[in-house]
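J.: Input: one structure, supplied below.
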Number of protein chains: 2
Amino acid sequence: MHITDTGEMDNKITLNHGSGGKLTGELVREVFTSRFGMTEPLTDSAVIEHSGSDIAFTVDSYVINPIFFPGGNIGKLAVCGTVNDLAVSGAIPLYISASFIIEEGLPLDDLVEIALSMAEEARKAEVRVVTGDTKVVEKGKCDKLFITTAGVGKVREMFRETGTGVRVQADDRLIINGPVGNHSIAVMSARKQLGFATGVISDCASLNHLIGKVLDKVQGIHFMRDLTRGGLATVLNELASITGMGMEVNEKEIPVEEPVKGACEMLGFDPLYLANEGKVLFVVAEEDTEKVIEILRNDPLGKDASVIGRVTTERQGLVAMKTISGGTRILDMHSGSQLPRIC
Amino acid sequence: MHITDTGEMDNKITLNHGSGGKLTGELVREVFTSRFGMTEPLTDSAVIEHSGSDIAFTVDSYVINPIFFPGGNIGKLAVCGTVNDLAVSGAIPLYISASFIIEEGLPLDDLVEIALSMAEEARKAEVRVVTGDTKVVEKGKCDKLFITTAGVGKVREMFRETGTGVRVQADDRLIINGPVGNHSIAVMSARKQLGFATGVISDCASLNHLIGKVLDKVQGIHFMRDLTRGGLATVLNELASITGMGMEVNEKEIPVEEPVKGACEMLGFDPLYLANEGKVLFVVAEEDTEKVIEILRNDPLGKDASVIGRVTTERQGLVAMKTISGGTRILDMHSGSQLPRIC
């Protein structure tokens with residue numbers, strides 16, 4: 001058993017195993033997927049057949065710290081995250097389950113506020129929370145509240161492979177719906193780790209309606225993935241890895257808001273690796289690029305959409321960024337996490 | 001906000017809110033179900049329509065302490081529990097999601113052993129683990145490992161209301177598939193709380209094949225529920241409450257193994273309120289009683305099946321037990337838990 005990186009313990013789980021980066025992938029592959037008979041590449045949702053009509057099925061646990069942050073709370077996040085995992089798999093999200101692990105002593109008012117947020121977000125996203133579970137553990141055996149949401153959706157047949165990468169082609173364009181890094185910086189400022197106020201608000205949002213507008217009008221959507229743990233750079237690396245193609249991006253086209261940039265510079269973080277909760281990467285046939293950008297920019301959740309690069313047959317399996325200063329930087333897969341418990 | 005019982009704090013979550021008893025029901029109803037627009041009575045799985053064929057959807061989080069116990073571990077438990085929740089809802093379990101919240105420092109070997117158990121139990125139950133998630137939290141912010149499993153199954157149309165209680169009639173018979181209390185006593189002995197060895201092994205098992213054999217041959221199955229948190233007495237109380245009928249049971253017909261009885265007497269526990277993980281209550285049309293008992297007793301998981309009582313129009317909403325000593329005892333809904341973190 002060697003789920004390790006230089007300097008990591010090789011027989012115990014470390015925080016880096018939960019980073020969403022390289023070590024998480026290794027842990028998941030070595031411990032779980034082969035034993036469970038899952039097929040690679042892993043996608044945000046499993047697509048399963050049911051009575052001749054496919055359904056998408058997904059799950060995520062949320063262990064964010066703190067449970068309230070600018071722009072949302074753990075409950076809103078849990079609904080948005082699962083809705084988005086279904087949506088990027090080409091499915092229409094329909095039903096959600098919500099399971100709560102609560103630390104003894106959590107104020108009831110907090111739980112009520114979180115439940116209200118979940119109900120409101122579910123209403124906005126037009127999904128129904130239909131089943132759930134509640135467990136309580138002793139003080140010190142959990143950190144206030146963990147929520148696990150599973151989701152079930154109806155697969156749009158035309159887009160059933162949108163999560164897998166098999167449709168990606170050379171010269172496809174890479175599009176994101178807005179600036180990156182806001183969620184992580186908002187959460188960190190709520191932790192008071194920054195030591196200064198940023199005014200940054202999490203981008204936490206359900207993207208299913210935005211994605212639906214695109215899929216209703218554009219056939220050439222070849223891949224989608226939400227930019228959560230590990231951020232944009234990690235998603236691009238995964239895509240390069242599963243397609244065996246090169247990903248070429250332009251730094252100047254990747255939107256990052258000034259306060260996010262400032263916080264990152266001060267703290268040595270790279271916004272390209274920070275988790276987002278309302279951002280999605282679209283890989284789009286070249287001829288459909290303008291149509292997608294137009295649809296996105298007409299929606300508040302996509303108003304800052306940008307074509308950030310393209311798929312190439314050069315530098316296969318790698319992500320290369322043309323920097324603002326004129327050089328080229330390879331964006332590696334991080335082995336650890338910049339920020340634990342951001343989602 | 002008054003989710004409270006005499007002496008309970010009324011503004012903070014307590015361990016009793018997670019007991020599976022009265023307080024859990026109040027918490028779930030007051031905080032979650034109304035806001036989420038769920039319909040009463042709550043069942044083990046939600047039944048949702050999909051392309052003209054219904055699917056059942058369920059979720060449970062497992063926070064058991066310790067994570068290894070005689071007869072299983074948290075992984076096996078998580079698969080069995082979700083399989084059983086689908087099966088008692090009249091569904092054929094098909095797909096499972098598995099989400100892991102891991103405490104930093106957990107030995108990798110433990111995680112591998114748990115994953116192996118899950119894979120083995122999934123194979124036995126003929127369900128597929130198709131999607132998952134892995135999060136890691138700092139030491140002291142979780143207790144080794146929490147697993148949340150959601151499940152999706154295909155509803156057998158004839159039994160789509162089996163989880164709701166609407167088909168229950170006077171003179172229906174109450175049948176369980178074997179002795180109660182083993183799981184809880186096994187877990188407690190693994191915690192070394194007993195101070196003595198019991199040799200008791202958890203009954204943790206997937207019941208879908210056993211239940212399938214019954215449903216394949218018997219139409220008169222009016223209700224099923226697995227006897228988990230809160231045990232047999234709690235399930236009977238819930239059934240009395242949702243049907244408005246009386247539940248009459250005979251103490252001498254309720255199987256309890258001697259070592260379980262002994263441990264309970266010594267520690268002041270009542271086996272009727274202890275959680276099981278491989279026991280199910282069937283409510284059966286009187287004329288089908290013998291057929292059900294015969295099918296159950298021909299299966300290892302039902303060899304000690306017993307007719308423990310019947311549904312009556314007397315003592316409406318209550319559970320009355322004829323005791324061995326000849327009296328009648330009302331089995332109340334416990335407001336707290338005898339044993340936290342048993343599942």
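Chain labels A, B, ... are given in the sequence in which chains occur in the structure tokens; within each chain residues are numbered consecutively from 1, and ligands are likewise numbered from 1 in the order shown.
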Which residues, written as a PyMOL selection string, have at least one atom at most 8 Å from stretch 173-181 of chain A, with only C-alpha atoms counted and residues fewer than 5 positions away on the same chain left out?

T.: chain A and resi 231-232+249+254-257+260+271-276+279-286+289+293+296+301-311

J.: Compile a residue-level contact table for chain A against chain B at a cut-off of 7 Å, reporting for every qualifying residue the shortest atom pair and its distance in Å to one decimal, with only C-alpha atoms counted, rows ordered by chain and ascending number, as JSON lines.

T.:
{"residue": "A:Asn11", "atom": "CA", "partner": "B:Leu108", "partner_atom": "CA", "distance": 5.3}
{"residue": "A:Lys12", "atom": "CA", "partner": "B:Pro107", "partner_atom": "CA", "distance": 4.4}
{"residue": "A:Ile13", "atom": "CA", "partner": "B:Gly105", "partner_atom": "CA", "distance": 5.0}
{"residue": "A:Thr14", "atom": "CA", "partner": "B:Glu104", "partner_atom": "CA", "distance": 5.0}
{"residue": "A:Leu15", "atom": "CA", "partner": "B:Val136", "partner_atom": "CA", "distance": 5.6}
{"residue": "A:His17", "atom": "CA", "partner": "B:Val136", "partner_atom": "CA", "distance": 6.7}
{"residue": "A:Gly18", "atom": "CA", "partner": "B:Val136", "partner_atom": "CA", "distance": 4.6}
{"residue": "A:Val31", "atom": "CA", "partner": "B:Val112", "partner_atom": "CA", "distance": 5.7}
{"residue": "A:Phe32", "atom": "CA", "partner": "B:Ala115", "partner_atom": "CA", "distance": 6.2}
{"residue": "A:Arg35", "atom": "CA", "partner": "B:Ala119", "partner_atom": "CA", "distance": 6.0}
{"residue": "A:Phe36", "atom": "CA", "partner": "B:Ala119", "partner_atom": "CA", "distance": 5.4}
{"residue": "A:Met38", "atom": "CA", "partner": "B:Val130", "partner_atom": "CA", "distance": 6.1}
{"residue": "A:Ser45", "atom": "CA", "partner": "B:Thr131", "partner_atom": "CA", "distance": 6.6}
{"residue": "A:Ala46", "atom": "CA", "partner": "B:Thr131", "partner_atom": "CA", "distance": 5.7}
{"residue": "A:Ser51", "atom": "CA", "partner": "B:Ser53", "partner_atom": "CA", "distance": 6.8}
{"residue": "A:Ser53", "atom": "CA", "partner": "B:Ser51", "partner_atom": "CA", "distance": 6.8}
{"residue": "A:Thr58", "atom": "CA", "partner": "B:Thr131", "partner_atom": "CA", "distance": 6.0}
{"residue": "A:Val59", "atom": "CA", "partner": "B:Gly132", "partner_atom": "CA", "distance": 5.8}
{"residue": "A:Asp60", "atom": "CA", "partner": "B:Asp133", "partner_atom": "CA", "distance": 5.4}
{"residue": "A:Ser61", "atom": "CA", "partner": "B:Ser99", "partner_atom": "CA", "distance": 6.3}
{"residue": "A:Ser97", "atom": "CA", "partner": "B:Val59", "partner_atom": "CA", "distance": 6.4}
{"residue": "A:Ser99", "atom": "CA", "partner": "B:Ser61", "partner_atom": "CA", "distance": 6.3}
{"residue": "A:Glu104", "atom": "CA", "partner": "B:Thr14", "partner_atom": "CA", "distance": 5.0}
{"residue": "A:Gly105", "atom": "CA", "partner": "B:Ile13", "partner_atom": "CA", "distance": 5.0}
{"residue": "A:Leu106", "atom": "CA", "partner": "B:Ile13", "partner_atom": "CA", "distance": 5.3}
{"residue": "A:Pro107", "atom": "CA", "partner": "B:Lys12", "partner_atom": "CA", "distance": 4.4}
{"residue": "A:Leu108", "atom": "CA", "partner": "B:Lys12", "partner_atom": "CA", "distance": 5.1}
{"residue": "A:Val112", "atom": "CA", "partner": "B:Val31", "partner_atom": "CA", "distance": 5.7}
{"residue": "A:Ala115", "atom": "CA", "partner": "B:Phe32", "partner_atom": "CA", "distance": 6.2}
{"residue": "A:Leu116", "atom": "CA", "partner": "B:Arg35", "partner_atom": "CA", "distance": 6.7}
{"residue": "A:Ala119", "atom": "CA", "partner": "B:Phe36", "partner_atom": "CA", "distance": 5.4}
{"residue": "A:Val129", "atom": "CA", "partner": "B:Phe36", "partner_atom": "CA", "distance": 5.8}
{"residue": "A:Val130", "atom": "CA", "partner": "B:Ala46", "partner_atom": "CA", "distance": 5.9}
{"residue": "A:Thr131", "atom": "CA", "partner": "B:Ala46", "partner_atom": "CA", "distance": 5.7}
{"residue": "A:Gly132", "atom": "CA", "partner": "B:Val59", "partner_atom": "CA", "distance": 5.8}
{"residue": "A:Asp133", "atom": "CA", "partner": "B:Asp60", "partner_atom": "CA", "distance": 5.4}
{"residue": "A:Thr134", "atom": "CA", "partner": "B:Gly18", "partner_atom": "CA", "distance": 6.5}
{"residue": "A:Lys135", "atom": "CA", "partner": "B:Gly18", "partner_atom": "CA", "distance": 4.9}
{"residue": "A:Val136", "atom": "CA", "partner": "B:Gly18", "partner_atom": "CA", "distance": 4.6}
{"residue": "A:Val137", "atom": "CA", "partner": "B:Leu15", "partner_atom": "CA", "distance": 6.4}
{"residue": "A:Glu138", "atom": "CA", "partner": "B:Leu15", "partner_atom": "CA", "distance": 6.7}
{"residue": "A:Gly140", "atom": "CA", "partner": "B:Gly140", "partner_atom": "CA", "distance": 6.3}
{"residue": "A:Lys141", "atom": "CA", "partner": "B:Cys142", "partner_atom": "CA", "distance": 4.7}
{"residue": "A:Cys142", "atom": "CA", "partner": "B:Cys142", "partner_atom": "CA", "distance": 4.2}
{"residue": "A:Asp143", "atom": "CA", "partner": "B:Lys141", "partner_atom": "CA", "distance": 5.0}
{"residue": "A:Thr148", "atom": "CA", "partner": "B:Thr148", "partner_atom": "CA", "distance": 6.9}
{"residue": "A:Ala150", "atom": "CA", "partner": "B:Ala150", "partner_atom": "CA", "distance": 6.5}
{"residue": "A:Arg341", "atom": "CA", "partner": "B:Val137", "partner_atom": "CA", "distance": 6.9}

J.: Using only C-alpha atoms, can you tell me which of B:Asp172, B:Asp85, B:Glu251, B:Asp332 comes closest to B:Glu287?

T.: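 For B:Glu287, the nearest of the candidates is B:Asp172.
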
J.: Enumerate the residues of stretch 155-253 of chain B with a DSSP assignment of helix (DSSP H, G or I), computed from the backbone, and present them as a ChimeraX atom specification.

T.: /B:157-159,182-190,208-217,231-243,251-253

J.: Those same residues - N, CA, C and O atoms - I'd like them written as a short mmCIF file (atom, residue, chain, number, x, y, z; two decimals), in the first residue's frame.

T.:
data_model
loop_
_atom_site.label_atom_id
_atom_site.label_comp_id
_atom_site.auth_asym_id
_atom_site.auth_seq_id
_atom_site.Cartn_x
_atom_site.Cartn_y
_atom_site.Cartn_z
N GLU B 157 -44.31 -2.94 -8.12
CA GLU B 157 -45.55 -2.16 -8.13
C GLU B 157 -46.55 -2.64 -7.08
O GLU B 157 -47.17 -1.84 -6.39
N MET B 158 -46.66 -3.97 -6.93
CA MET B 158 -47.67 -4.49 -6.01
C MET B 158 -47.39 -4.11 -4.56
O MET B 158 -48.29 -4.09 -3.73
N PHE B 159 -46.13 -3.81 -4.27
CA PHE B 159 -45.75 -3.54 -2.88
C PHE B 159 -45.29 -2.10 -2.67
O PHE B 159 -44.59 -1.79 -1.72
N ASN B 182 -29.19 -8.46 19.30
CA ASN B 182 -27.81 -8.93 19.12
C ASN B 182 -26.85 -7.84 18.65
O ASN B 182 -25.73 -7.75 19.13
N HIS B 183 -27.30 -7.04 17.69
CA HIS B 183 -26.38 -6.03 17.15
C HIS B 183 -25.90 -5.08 18.26
O HIS B 183 -24.70 -4.84 18.41
N SER B 184 -26.83 -4.57 19.02
CA SER B 184 -26.46 -3.59 20.05
C SER B 184 -25.53 -4.19 21.09
O SER B 184 -24.55 -3.56 21.51
N ILE B 185 -25.83 -5.40 21.53
CA ILE B 185 -24.99 -6.03 22.56
C ILE B 185 -23.60 -6.34 21.99
O ILE B 185 -22.58 -6.16 22.67
N ALA B 186 -23.55 -6.76 20.73
CA ALA B 186 -22.24 -7.04 20.10
C ALA B 186 -21.41 -5.76 20.03
O ALA B 186 -20.21 -5.77 20.31
N VAL B 187 -22.04 -4.65 19.66
CA VAL B 187 -21.32 -3.38 19.55
C VAL B 187 -20.86 -2.92 20.94
O VAL B 187 -19.72 -2.47 21.11
N MET B 188 -21.73 -3.08 21.92
CA MET B 188 -21.33 -2.67 23.26
C MET B 188 -20.20 -3.52 23.80
O MET B 188 -19.33 -3.01 24.50
N SER B 189 -20.23 -4.80 23.49
CA SER B 189 -19.13 -5.63 24.00
C SER B 189 -17.83 -5.25 23.30
O SER B 189 -16.76 -5.29 23.90
N ALA B 190 -17.92 -4.82 22.03
CA ALA B 190 -16.72 -4.35 21.33
C ALA B 190 -16.21 -3.05 21.94
O ALA B 190 -15.03 -2.74 21.89
N ASN B 208 -32.50 -8.32 1.56
CA ASN B 208 -33.29 -8.19 0.33
C ASN B 208 -33.65 -9.54 -0.31
O ASN B 208 -34.76 -9.70 -0.82
N HIS B 209 -32.75 -10.51 -0.24
CA HIS B 209 -33.09 -11.80 -0.85
C HIS B 209 -34.17 -12.51 -0.02
O HIS B 209 -35.10 -13.10 -0.58
N LEU B 210 -34.04 -12.46 1.30
CA LEU B 210 -35.06 -13.07 2.17
C LEU B 210 -36.43 -12.42 1.91
O LEU B 210 -37.44 -13.11 1.71
N ILE B 211 -36.44 -11.09 1.90
CA ILE B 211 -37.69 -10.37 1.67
C ILE B 211 -38.22 -10.67 0.27
O ILE B 211 -39.44 -10.86 0.07
N GLY B 212 -37.32 -10.77 -0.69
CA GLY B 212 -37.71 -11.09 -2.07
C GLY B 212 -38.43 -12.43 -2.16
O GLY B 212 -39.45 -12.56 -2.86
N LYS B 213 -37.91 -13.43 -1.44
CA LYS B 213 -38.56 -14.75 -1.44
C LYS B 213 -39.99 -14.66 -0.94
O LYS B 213 -40.90 -15.32 -1.45
N VAL B 214 -40.18 -13.85 0.10
CA VAL B 214 -41.53 -13.69 0.67
C VAL B 214 -42.44 -12.99 -0.34
O VAL B 214 -43.55 -13.45 -0.64
N LEU B 215 -41.96 -11.87 -0.88
CA LEU B 215 -42.81 -11.08 -1.78
C LEU B 215 -43.11 -11.81 -3.08
O LEU B 215 -44.17 -11.60 -3.69
N ASP B 216 -42.21 -12.70 -3.49
CA ASP B 216 -42.45 -13.48 -4.71
C ASP B 216 -43.64 -14.43 -4.54
O ASP B 216 -44.31 -14.77 -5.51
N LYS B 217 -43.89 -14.85 -3.32
CA LYS B 217 -44.90 -15.89 -3.10
C LYS B 217 -46.13 -15.45 -2.33
O LYS B 217 -47.14 -16.17 -2.30
N GLY B 231 -35.22 -0.07 17.89
CA GLY B 231 -35.60 -1.47 17.99
C GLY B 231 -37.06 -1.76 17.71
O GLY B 231 -37.81 -0.93 17.19
N LEU B 232 -37.45 -2.99 18.05
CA LEU B 232 -38.80 -3.49 17.79
C LEU B 232 -39.87 -2.60 18.40
O LEU B 232 -40.87 -2.27 17.74
N ALA B 233 -39.68 -2.19 19.65
CA ALA B 233 -40.72 -1.42 20.34
C ALA B 233 -40.98 -0.09 19.63
O ALA B 233 -42.14 0.36 19.53
N THR B 234 -39.92 0.53 19.13
CA THR B 234 -40.09 1.82 18.45
C THR B 234 -40.82 1.66 17.13
O THR B 234 -41.71 2.46 16.79
N VAL B 235 -40.46 0.62 16.38
CA VAL B 235 -41.15 0.38 15.11
C VAL B 235 -42.63 0.09 15.35
O VAL B 235 -43.50 0.62 14.63
N LEU B 236 -42.93 -0.71 16.36
CA LEU B 236 -44.34 -1.00 16.66
C LEU B 236 -45.09 0.27 17.05
O LEU B 236 -46.24 0.48 16.66
N ASN B 237 -44.44 1.13 17.82
CA ASN B 237 -45.07 2.40 18.19
C ASN B 237 -45.32 3.28 16.98
O ASN B 237 -46.38 3.90 16.86
N GLU B 238 -44.35 3.34 16.08
CA GLU B 238 -44.53 4.16 14.87
C GLU B 238 -45.70 3.62 14.05
O GLU B 238 -46.53 4.38 13.53
N LEU B 239 -45.76 2.30 13.96
CA LEU B 239 -46.84 1.68 13.19
C LEU B 239 -48.21 1.95 13.84
O LEU B 239 -49.18 2.27 13.16
N ALA B 240 -48.26 1.84 15.17
CA ALA B 240 -49.51 2.14 15.88
C ALA B 240 -49.90 3.59 15.63
O ALA B 240 -51.08 3.91 15.42
N SER B 241 -48.92 4.45 15.63
CA SER B 241 -49.19 5.87 15.46
C SER B 241 -49.68 6.19 14.04
O SER B 241 -50.68 6.90 13.87
N ILE B 242 -49.03 5.65 13.02
CA ILE B 242 -49.44 6.01 11.65
C ILE B 242 -50.74 5.31 11.24
O ILE B 242 -51.49 5.84 10.43
N THR B 243 -51.02 4.14 11.80
CA THR B 243 -52.25 3.44 11.42
C THR B 243 -53.41 3.78 12.34
O THR B 243 -54.57 3.56 11.98
N GLU B 251 -44.93 -11.38 24.87
CA GLU B 251 -43.51 -11.40 25.26
C GLU B 251 -42.88 -12.75 24.98
O GLU B 251 -41.75 -12.83 24.49
N LYS B 252 -43.63 -13.84 25.28
CA LYS B 252 -42.99 -15.16 25.16
C LYS B 252 -42.72 -15.56 23.71
O LYS B 252 -41.96 -16.49 23.45
N GLU B 253 -43.34 -14.88 22.76
CA GLU B 253 -43.09 -15.18 21.34
C GLU B 253 -41.95 -14.34 20.74
O GLU B 253 -41.57 -14.55 19.58
#

J.: Using DSSP on the backbone, list every residue of stretch 90-300 of chain B that comes out as strand (DSSP E), and give them as a PyMOL selection string.

T.: chain B and resi 91-103+128-137+145-155+173-176+221-226+246-250+280-284
